[in-house]
Structures are given as structure tokens and as C-alpha cells.
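Heads up: the structure comes next, in C-alpha cells.
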Amino acid sequence: MVILLSSANDSVIERWTGLLKDKYDLDQANSLSKLKSCCTDKKFAIILLHRPLVDPDTFVEIRRLNPLCRIFLLSDTPNEEEGLTFLKLGIVGYANTYISAERLAEAARIVSSGAVWLGQKVMQRLILDSYARAKEKEASNSGKILKTLTNREREIADLVAQGQSNLEIAFNLDISERTVKAHLSSIYEKTKTGSRLNLALLINRG
């Protein structure tokens with residue numbers, strides 16, 4: 001397996017080489033033009049890419065030149081926003097430029113196996129963002145389901161979500177308890193909830 005070390009900083013190239021030379025075959029690209037040339041002419045299992053060498057647009061260009069190569073981005077000042085930005089563009093790893101020898105070896109092994117290697121903070125942020133998107137989607141789906149209810153049904157569903165009993169709902173809306181039950185049967189059918197608890201959860205999500 002050949003790893004391309006790509007940085008305009010000679011000391012960074014030297015450091016990475018010292019950490020990996022006993023485990024992998026290495027090649028070097030000390031400029032953006034050399035990196036592009038290497039991506040066009042050669043095949044690498046992994047590219048260790050120094051963040052100062054590329055911006056997001058340049059990174060996309062590199063990806064086009066060698067779409068099958070797995071790119072591991074190393075940043076002098078890694079942060080969640082940067083990591084997520086480049087993760088969306090296709091990196092398979094993100095870490096500090098001066099990562100320890102043990103962790104760099106572990107990262108190279110994991111990335112070469114086909115997995116993704118991220119720092120803890122970026123991983124936590126990714127999980128939180130995914131959770132937020134899932135909640136937004138859940139709320140959106142709940143909203144669509146609730147739109148199938150009539151105005152009266154939605155009114156009764158809201159009161160159920162507030163914890164009111166059928167008798168209380170009947171009193172507050174000036175209708176019979178039997179009418180409330182009939183509306184609830186229709187509501188359960190339309191929302192596929194089947195119970196007051198599930199209906200309340202749906203209302204609160206939507």
C-alpha cells in the first residue's frame with residue numbers, strides 16, 4: 001500500500017515520513033501542482049493531505065482527479081466546522097497535523113480498511129447534527145400527519161396532548177363525551193397512533 005504525503009511544509013513531510021516509513025511505502029507531493037500531477041498519474045491507497053495546501057474548492061478538484069483515493073486531512077488547528085465541511089466533501093479522516101505516532105498509525109490502518117477516522121469532537125458534533133436533522137425530519141413527518149385532521153379533530157388532539165380526559169374535553173368544547181370518543185376513533189385511524197399516549201407524543205413532536 002502506497003501513501004502520498006502532501007504538504008508544502010518540509011518539516012511536516014519529514015515528520016510524517018519518520019512516523020510511517022517503517023510501515024508503508026511512501027511518496028511525496030510538496031506543492032499543489034505536484035499533488036495534482038500525482039493524482040493524475042499515480043494510484044495511492046491514501047493521501048495524507050495538509051490542510052494549508054487546499055481550500056474546499058481545490059479539494060473538490062483533487063477528488064475529481066482521483067475519485068477512488070481515500071484522503072486523510074490533517075489540520076494545524078482542527079475544529080468541528082472545518083472537519084464537517086471537508087467530511088461532506090469526501091475526506092475519510094481528519095486529525096491534527098502533529099498527531100502522535102501511535103494514533104497516526106492507527107488512523108492509517110483504519111482508513112485503509114475502508115472505515116472513517118475522526119477526532120472525538122468532530123464525531124460528537126456529527127452525532128449531534130445528525131440527531132438534530134432526525135428530529136427536524138420527525139417533526140416534519142408529524143406535521144404532515146396532523147394536517148390530515150379536521151379542525152375539530154386537531155382541537156381534540158391538542159387537548160389530549162395536554163392531558164385532558166374525554167369528559168374534560170367534552171365540557172370544554174361543549175359537546176357530548178360520545179362525540180369526543182367518535183372523533184378520537186377517527187383521529188387514531190388517521191394518525192395510526194392507537195392510543196392517547198402515542199397521540200400526545202405525535203402532537204408534541206409536530
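For the C-alpha cells, the naming scheme is as follows: chains receive sequential letters (A, B, ...) according to their order of presentation, residues are indexed from 1 within each chain, and ligands are indexed from 1 in presentation order.
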Using only C-alpha atoms, determine which residues lie at most 12 Å from Pro78 in chain A, disregarding the query and same-chain residues fewer than 6 positions distant; provide the list as a list in words. His50, Arg51, Pro52, Leu84, Thr85, Phe86, Gly93, Tyr94, Ala95, Asn96, Thr97, Tyr98, Ile99, Leu118, Gly119, Gln120, Lys121 and Val122 of chain A
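Residues with any atom within 12 Å of Ile91 in chain A, counting only C-alpha atoms and excluding same-chain neighbours fewer than 5 positions away, are Ile46, Ile47, Leu48, Leu49, Arg51, Pro56, Phe59, Val60, Ile62, Arg63, Pro67, Leu68, Cys69, Arg70, Ile71, Phe72, Leu73, Leu74, Glu82, Gly83, Leu84, Thr85, Phe86, Val111, Gly114, Ala115, Val116, Trp117 and Leu118 of chain A.
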Which of range 97-206 of chain A end up as alpha helix (DSSP H) when DSSP is run on this backbone - answer as a PyMOL selection string? chain A and resi 101-112+120-146+151-161+166-173+177-191+196-205
If you run DSSP on the backbone, which residues of range 30-163 of chain A are strand (DSSP E), as a PyMOL selection string? chain A and resi 46-50+70-75+93-96+117-118
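Using only C-alpha atoms, the residues found no farther than 12 Å from range 166-179 of chain A, other than those of its own chain fewer than 3 positions away, are Arg152, Glu153, Glu155, Ile156, Ala157, Asp158, Leu159, Val160, Ala161, Gln162, Gly163, Ala182, His183, Leu184, Ser185, Ser186 and Arg196 of chain A.
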Applying 10 Å and only C-alpha atoms, which residues near Thr148 in chain A remain after dropping the ones on its own chain fewer than 5 positions away? List them as a ChimeraX atom specification. /A:143,153-154,187,190-191
Set the distance at 8 Å and use only C-alpha atoms: which residues neighbour Leu19 in chain A once local chain neighbours fewer than 4 positions away are removed? I'd like the list as JSON, numbers by chain. {"A": [15, 101, 104, 105]}
One decimal, Å: what's the distance from CA of Lys23 in chain A over to CA of Ser7 in chain A, could you say? 19.8 Å
Can you list, as a list in words, every protein, DNA or RNA residue that comes within 9 Å of Ser6 in chain A when you count only C-alpha atoms, leaving out same-chain residues fewer than 4 positions away? Ile13, Asp27, Gln28, Ala29, Asn30, Ser31, Leu32, Lys34, Leu35, Ile47, Leu48, Leu49, His50 and Leu53 of chain A
Compare A:Asn204, A:Ser100, A:Ser195, A:Ser33 by their minimum atom-to-atom distance to Leu146 in chain A, counting only C-alpha atoms, and give me the closest one. A:Asn204
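The spacing separating CA of Glu81 in chain A from CA of Glu61 in chain A amounts to 20.5 Å.
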